[in-house]
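Note: the block below is entry11.cif and it holds mmCIF, C-alpha atoms.
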data_model
loop_
_atom_site.group_PDB
_atom_site.id
_atom_site.type_symbol
_atom_site.label_atom_id
_atom_site.label_comp_id
_atom_site.auth_asym_id
_atom_site.auth_seq_id
_atom_site.Cartn_x
_atom_site.Cartn_y
_atom_site.Cartn_z
ATOM 1 C CA MET A 1 -142.139 118.937 -50.319
ATOM 2 C CA GLN A 2 -140.213 115.697 -49.936
ATOM 3 C CA GLU A 3 -141.338 112.467 -51.527
ATOM 4 C CA ASP A 4 -141.164 110.679 -48.140
ATOM 5 C CA SER A 5 -143.391 113.265 -46.430
ATOM 6 C CA PRO A 6 -146.509 111.887 -44.720
ATOM 7 C CA HIS A 7 -148.593 114.037 -47.098
ATOM 8 C CA ALA A 8 -146.918 112.996 -50.365
ATOM 9 C CA GLU A 9 -149.922 110.846 -51.365
ATOM 10 C CA ASP A 10 -152.309 113.736 -50.616
ATOM 11 C CA LEU A 11 -150.203 116.061 -52.754
ATOM 12 C CA LEU A 12 -150.135 113.562 -55.606
ATOM 13 C CA LEU A 13 -153.931 113.107 -55.447
ATOM 14 C CA ALA A 14 -154.469 116.888 -55.441
ATOM 15 C CA ARG A 15 -152.094 117.354 -58.413
ATOM 16 C CA ARG A 16 -153.661 114.535 -60.429
ATOM 17 C CA SER A 17 -157.148 115.910 -59.716
ATOM 18 C CA ALA A 18 -156.090 119.441 -60.648
ATOM 19 C CA ASP A 19 -154.619 118.111 -63.890
ATOM 20 C CA GLY A 20 -158.035 116.738 -64.799
ATOM 21 C CA GLU A 21 -157.384 113.037 -64.320
ATOM 22 C CA PRO A 22 -160.931 111.652 -63.974
ATOM 23 C CA SER A 23 -160.020 108.731 -61.705
ATOM 24 C CA ALA A 24 -158.150 111.052 -59.324
ATOM 25 C CA ALA A 25 -161.026 113.535 -59.189
ATOM 26 C CA ALA A 26 -163.449 110.673 -58.522
ATOM 27 C CA GLU A 27 -161.163 109.353 -55.784
ATOM 28 C CA LEU A 28 -160.955 112.794 -54.190
ATOM 29 C CA VAL A 29 -164.742 113.194 -54.232
ATOM 30 C CA GLU A 30 -165.350 109.655 -52.953
ATOM 31 C CA THR A 31 -162.698 109.891 -50.240
ATOM 32 C CA TYR A 32 -163.351 113.398 -48.989
ATOM 33 C CA GLY A 33 -167.024 114.044 -49.827
ATOM 34 C CA PRO A 34 -168.329 112.385 -46.636
ATOM 35 C CA PHE A 35 -165.645 114.172 -44.598
ATOM 36 C CA LEU A 36 -166.694 117.540 -46.048
ATOM 37 C CA ALA A 37 -170.305 116.759 -45.168
ATOM 38 C CA GLY A 38 -169.193 116.045 -41.603
ATOM 39 C CA VAL A 39 -167.317 119.324 -41.359
ATOM 40 C CA LEU A 40 -170.337 121.261 -42.631
ATOM 41 C CA ARG A 41 -172.865 119.290 -40.579
ATOM 42 C CA ARG A 42 -171.535 120.934 -37.419
ATOM 43 C CA ALA A 43 -173.003 124.285 -38.444
ATOM 44 C CA TRP A 44 -175.706 123.527 -41.018
ATOM 45 C CA ARG A 45 -178.978 121.636 -41.232
ATOM 46 C CA ASP A 46 -178.962 118.303 -43.050
ATOM 47 C CA GLY A 47 -181.059 119.633 -45.930
ATOM 48 C CA GLU A 48 -178.337 122.138 -46.816
ATOM 49 C CA ILE A 49 -175.278 119.898 -46.478
ATOM 50 C CA GLU A 50 -175.432 118.321 -49.927
ATOM 51 C CA ASP A 51 -175.613 121.722 -51.637
ATOM 52 C CA LEU A 52 -172.702 123.025 -49.581
ATOM 53 C CA VAL A 53 -170.557 119.965 -50.326
ATOM 54 C CA SER A 54 -171.313 120.507 -54.018
ATOM 55 C CA GLU A 55 -170.302 124.156 -53.664
ATOM 56 C CA VAL A 56 -167.000 123.145 -52.034
ATOM 57 C CA LEU A 57 -166.291 120.678 -54.829
ATOM 58 C CA LEU A 58 -167.168 123.269 -57.476
ATOM 59 C CA ARG A 59 -164.737 125.679 -55.856
ATOM 60 C CA LEU A 60 -162.029 123.026 -55.907
ATOM 61 C CA PHE A 61 -162.408 122.317 -59.603
ATOM 62 C CA GLU A 62 -163.240 125.791 -60.967
ATOM 63 C CA ASP A 63 -160.681 128.260 -62.331
ATOM 64 C CA ARG A 64 -158.394 125.522 -63.624
ATOM 65 C CA SER A 65 -158.453 123.915 -60.165
ATOM 66 C CA GLU A 66 -156.471 126.777 -58.618
ATOM 67 C CA LEU A 67 -157.464 125.758 -55.084
ATOM 68 C CA LEU A 68 -156.159 122.243 -55.639
ATOM 69 C CA ARG A 69 -153.005 123.564 -57.263
ATOM 70 C CA ALA A 70 -152.438 125.834 -54.251
ATOM 71 C CA TYR A 71 -152.232 122.813 -51.934
ATOM 72 C CA ARG A 72 -148.544 122.327 -51.064
ATOM 73 C CA GLY A 73 -148.722 119.213 -48.918
ATOM 74 C CA GLU A 74 -147.506 120.990 -45.779
ATOM 75 C CA ALA A 75 -150.561 119.681 -43.908
ATOM 76 C CA SER A 76 -152.938 116.870 -44.719
ATOM 77 C CA LEU A 77 -155.314 117.309 -47.637
ATOM 78 C CA ARG A 78 -158.091 116.633 -45.116
ATOM 79 C CA ALA A 79 -157.078 119.714 -43.069
ATOM 80 C CA TYR A 80 -156.757 121.828 -46.217
ATOM 81 C CA LEU A 81 -160.217 120.793 -47.442
ATOM 82 C CA ALA A 82 -161.717 121.417 -43.991
ATOM 83 C CA VAL A 83 -160.574 125.053 -44.182
ATOM 84 C CA ILE A 84 -162.112 125.439 -47.642
ATOM 85 C CA ALA A 85 -165.356 123.821 -46.428
ATOM 86 C CA ARG A 86 -165.554 126.138 -43.412
ATOM 87 C CA ARG A 87 -164.945 129.207 -45.564
ATOM 88 C CA THR A 88 -167.574 128.043 -48.044
ATOM 89 C CA GLY A 89 -169.996 127.526 -45.163
ATOM 90 C CA LEU A 90 -169.247 130.988 -43.785
ATOM 91 C CA ASP A 91 -169.797 132.537 -47.218
ATOM 92 C CA ALA A 92 -173.122 130.724 -47.506
ATOM 93 C CA ARG A 93 -174.108 131.802 -43.987
ATOM 94 C CA ARG A 94 -173.290 135.426 -44.874
ATOM 95 C CA ARG A 95 -175.407 135.230 -48.037
ATOM 96 C CA ALA A 96 -178.267 133.637 -46.096
ATOM 97 C CA ARG A 97 -178.104 136.332 -43.427
ATOM 98 C CA LEU A 98 -178.287 139.014 -46.114
ATOM 99 C CA ARG A 99 -181.353 137.374 -47.588
ATOM 100 C CA GLY A 100 -182.806 136.670 -44.114
ATOM 101 C CA ALA A 101 -186.528 136.152 -43.822
ATOM 102 C CA GLY A 102 -187.291 137.049 -47.411
ATOM 103 C CA ARG A 103 -185.204 140.213 -47.252
ATOM 104 C CA ILE A 104 -183.463 141.027 -50.498
ATOM 105 C CA PRO A 105 -180.121 142.773 -50.064
ATOM 106 C CA LEU A 106 -180.393 145.831 -52.226
ATOM 107 C CA ASP A 107 -177.260 146.150 -54.282
ATOM 108 C CA ASP A 108 -176.257 149.666 -55.310
ATOM 109 C CA GLY A 109 -175.725 148.493 -58.893
ATOM 110 C CA LEU A 110 -179.235 147.142 -59.163
ATOM 111 C CA LEU A 111 -180.803 150.172 -57.503
ATOM 112 C CA ALA A 112 -178.730 152.573 -59.579
ATOM 113 C CA SER A 113 -180.145 150.940 -62.679
ATOM 114 C CA ILE A 114 -183.637 152.138 -61.726
ATOM 115 C CA SER A 115 -184.435 155.836 -61.764
ATOM 116 C CA SER A 116 -186.061 156.774 -58.430
ATOM 117 C CA PRO A 117 -185.627 153.302 -56.937
ATOM 118 C CA PRO A 118 -188.299 151.728 -54.769
ATOM 119 C CA GLU A 119 -188.242 152.826 -51.178
ATOM 120 C CA GLU A 120 -189.427 149.513 -49.789
ATOM 121 C CA GLU A 121 -187.815 146.130 -50.298
ATOM 122 C CA GLY A 122 -191.325 144.763 -50.762
ATOM 123 C CA ASP A 123 -191.752 146.982 -53.822
ATOM 124 C CA LEU A 124 -188.582 145.607 -55.342
ATOM 125 C CA LYS A 125 -189.536 142.040 -54.475
ATOM 126 C CA ARG A 126 -192.955 142.511 -56.093
ATOM 127 C CA LEU A 127 -191.322 143.895 -59.242
ATOM 128 C CA LEU A 128 -188.874 141.011 -59.378
ATOM 129 C CA GLU A 129 -191.762 138.553 -59.139
ATOM 130 C CA ARG A 130 -193.272 140.119 -62.264
ATOM 131 C CA LEU A 131 -190.141 139.326 -64.271
ATOM 132 C CA SER A 132 -189.702 136.058 -66.135
ATOM 133 C CA ARG A 133 -188.164 133.191 -64.200
ATOM 134 C CA HIS A 134 -184.948 133.566 -66.234
ATOM 135 C CA ASP A 135 -184.640 137.314 -65.594
ATOM 136 C CA ARG A 136 -185.341 136.822 -61.899
ATOM 137 C CA ARG A 137 -182.719 134.077 -61.694
ATOM 138 C CA VAL A 138 -180.090 136.130 -63.519
ATOM 139 C CA LEU A 139 -180.646 139.180 -61.306
ATOM 140 C CA THR A 140 -180.710 137.069 -58.152
ATOM 141 C CA LEU A 141 -177.462 135.302 -59.022
ATOM 142 C CA ARG A 142 -175.773 138.573 -59.942
ATOM 143 C CA TYR A 143 -177.040 140.912 -57.228
ATOM 144 C CA VAL A 144 -178.267 138.728 -54.366
ATOM 145 C CA GLU A 145 -175.732 135.910 -54.574
ATOM 146 C CA GLY A 146 -173.042 138.365 -55.668
ATOM 147 C CA LEU A 147 -171.701 136.265 -58.529
ATOM 148 C CA SER A 148 -169.260 137.877 -60.905
ATOM 149 C CA TYR A 149 -170.242 137.871 -64.577
ATOM 150 C CA ARG A 150 -167.695 135.107 -65.162
ATOM 151 C CA ASP A 151 -169.143 132.945 -62.363
ATOM 152 C CA LEU A 152 -172.659 133.702 -63.563
ATOM 153 C CA ALA A 153 -171.707 132.482 -67.038
ATOM 154 C CA LYS A 154 -170.345 129.249 -65.539
ATOM 155 C CA VAL A 155 -173.476 128.627 -63.475
ATOM 156 C CA LEU A 156 -175.726 129.260 -66.471
ATOM 157 C CA GLY A 157 -173.484 127.324 -68.857
ATOM 158 C CA ALA A 158 -173.239 130.265 -71.229
ATOM 159 C CA PRO A 159 -170.524 132.455 -72.719
ATOM 160 C CA LEU A 160 -169.533 135.479 -70.651
ATOM 161 C CA GLY A 161 -171.011 137.931 -73.171
ATOM 162 C CA SER A 162 -174.372 136.168 -73.107
ATOM 163 C CA ALA A 163 -174.542 136.223 -69.317
ATOM 164 C CA ALA A 164 -173.673 139.931 -69.216
ATOM 165 C CA GLY A 165 -176.297 140.635 -71.876
ATOM 166 C CA TRP A 166 -178.947 138.733 -69.934
ATOM 167 C CA VAL A 167 -178.207 140.778 -66.813
ATOM 168 C CA SER A 168 -178.374 144.001 -68.790
ATOM 169 C CA ARG A 169 -181.681 143.105 -70.443
ATOM 170 C CA ALA A 170 -183.167 141.885 -67.137
ATOM 171 C CA ARG A 171 -182.211 145.214 -65.519
ATOM 172 C CA GLU A 172 -183.839 147.033 -68.430
ATOM 173 C CA ARG A 173 -187.047 145.054 -67.999
ATOM 174 C CA LEU A 174 -186.977 145.763 -64.252
ATOM 175 C CA ARG A 175 -186.512 149.474 -65.003
ATOM 176 C CA ALA A 176 -189.458 149.382 -67.410
ATOM 177 C CA LEU A 177 -191.683 147.690 -64.805
ATOM 178 C CA TRP A 178 -190.710 150.299 -62.226
ATOM 179 C CA ALA A 179 -191.409 153.154 -64.637
ATOM 180 C CA GLU A 180 -194.785 151.602 -65.530
ATOM 181 C CA GLU A 181 -195.672 151.284 -61.861
ATOM 182 C CA ASN A 182 -194.674 154.904 -61.220
ATOM 183 C CA ARG A 183 -196.849 156.081 -64.137
ATOM 184 C CA ARG A 184 -199.832 154.203 -62.703
ATOM 185 C CA LYS A 185 -199.349 155.796 -59.281
ATOM 186 C CA THR A 186 -199.404 159.332 -60.705
#
Please go through the file and, once you have read it, give me the structure as structure tokens.
Amino acid sequence: MQEDSPHAEDLLLARRSADGEPSAAAELVETYGPFLAGVLRRAWRDGEIEDLVSEVLLRLFEDRSELLRAYRGEASLRAYLAVIARRTGLDARRRARLRGAGRIPLDDGLLASISSPPEEEGDLKRLLERLSRHDRRVLTLRYVEGLSYRDLAKVLGAPLGSAAGWVSRARERLRALWAEENRRKT
């Protein structure tokens, strides 16, 4: 990319932000945050926009700012961020559709962790409600939201090993609840 390109300033801002320069990151958020909200507002209700903008910004700055580092300045930073915002919105829409109307997408990994899994989603939902708030959150983030263990650790602000252990113990407690319920039925 040439220094005299119309997108040289965009590229510089993206690089400075990716390198962790606080003033550049603040400038990027201040300059493009309202634009991202506008892009997302076309397909989402107002109450969801702020969360989606936050998700876009998290994606930009996670993993050593790989998304910002990938920007080459061939188009405007505005166009590049609009694509990321749309993809983030589509991902969120897909997750929401899976959850639709209280429906919990049953992940094979979660079901495989329970011997003779529940036949009805309502059974699983009822069991999940009996878990502690923490266990429910961990299982929801891992199996409903589809977060990797690494992303789960970031969201929870914990080391990777801790997050994986929490998921494992929450699955064990869910298994125990299911076994207890099965014993009561027989």
Problem set entry | Pick from A:Val53, A:Ala18, A:Leu12, A:Leu174, whichever lies nearest to Leu139 of chain A using only C-alpha atoms | A:Leu174
For this session: Extract, using all atoms listed in the file, all DNA, RNA and protein residues at most 10 Å from Leu81 of chain A, discarding same-chain residues fewer than 4 positions from it, and format them as a count of residues only.
Result: 16
For Ser5 of chain A: contacts at 12 Å, all atoms listed in the file, fewer than 3 positions along chain excluded, given as a short mmCIF file (atom, residue, chain, number, x, y, z; two decimals) with C-alpha atoms, in the frame of the given file:
data_model
loop_
_atom_site.label_atom_id
_atom_site.label_comp_id
_atom_site.auth_asym_id
_atom_site.auth_seq_id
_atom_site.Cartn_x
_atom_site.Cartn_y
_atom_site.Cartn_z
CA MET A 1 -142.14 118.94 -50.32
CA GLN A 2 -140.21 115.70 -49.94
CA ALA A 8 -146.92 113.00 -50.36
CA GLU A 9 -149.92 110.85 -51.36
CA ASP A 10 -152.31 113.74 -50.62
CA LEU A 11 -150.20 116.06 -52.75
CA LEU A 12 -150.14 113.56 -55.61
CA ARG A 72 -148.54 122.33 -51.06
CA GLY A 73 -148.72 119.21 -48.92
CA GLU A 74 -147.51 120.99 -45.78
CA ALA A 75 -150.56 119.68 -43.91
CA SER A 76 -152.94 116.87 -44.72
#
Exercise. Quick one: which residues end up in the PyMOL selection byres ((chain A and resi 65) around 12) for this structure, as an NGL selection string?
Worked result: :A and (14-21 or 25 or 56-64 or 66-71)
For this session: Would you work out the distance separating atom CA of Trp166 of chain A from atom CA of Leu152 of chain A, expressed in Å to one decimal?
Result: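 About the pair atom CA of Trp166 of chain A and atom CA of Leu152 of chain A: they are 10.3 Å apart.
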Exercise. Of the candidates A:His7, A:Arg93, A:Arg142, A:Arg133, which shows the shortest atom-to-atom distance to Leu40 of chain A, using only C-alpha atoms?
Worked result: A:Arg93
Problem set entry | Selected residue, from A:Leu177, A:Pro159, A:Gly89, A:Gly165, that lies nearest to Lys125 of chain A when counting all atoms listed in the file |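 Of A:Leu177, A:Pro159, A:Gly89, A:Gly165, the one nearest Lys125 of chain A, counting all atoms listed in the file, is A:Leu177.
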Problem set entry | Interatomic distance (Å, one decimal) between atom CA of Gly157 of chain A and atom CA of Leu52 of chain A |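 Separation of atom CA of Gly157 of chain A and atom CA of Leu52 of chain A: 19.8 Å.
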Exercise. Which residue, A:Tyr80, A:Asp123, A:Glu145, A:His134, has the smallest gap to Ala92 of chain A when you use all atoms listed in the file?
Worked result: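 Looking at the shortest contact to Ala92 of chain A, the residue is A:Glu145.
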Seminar exercise, completed: Pairwise distance, atom CA of Ala163 of chain A with atom CA of Leu131 of chain A, equals 16.7 Å
For this session: Go through A:Ala164, A:Val29, A:Leu156, A:Ala170 one by one, measure the shortest atom-to-atom distance of each to Arg78 of chain A using only C-alpha atoms, and give the residue with the smallest value.
Result: A:Val29
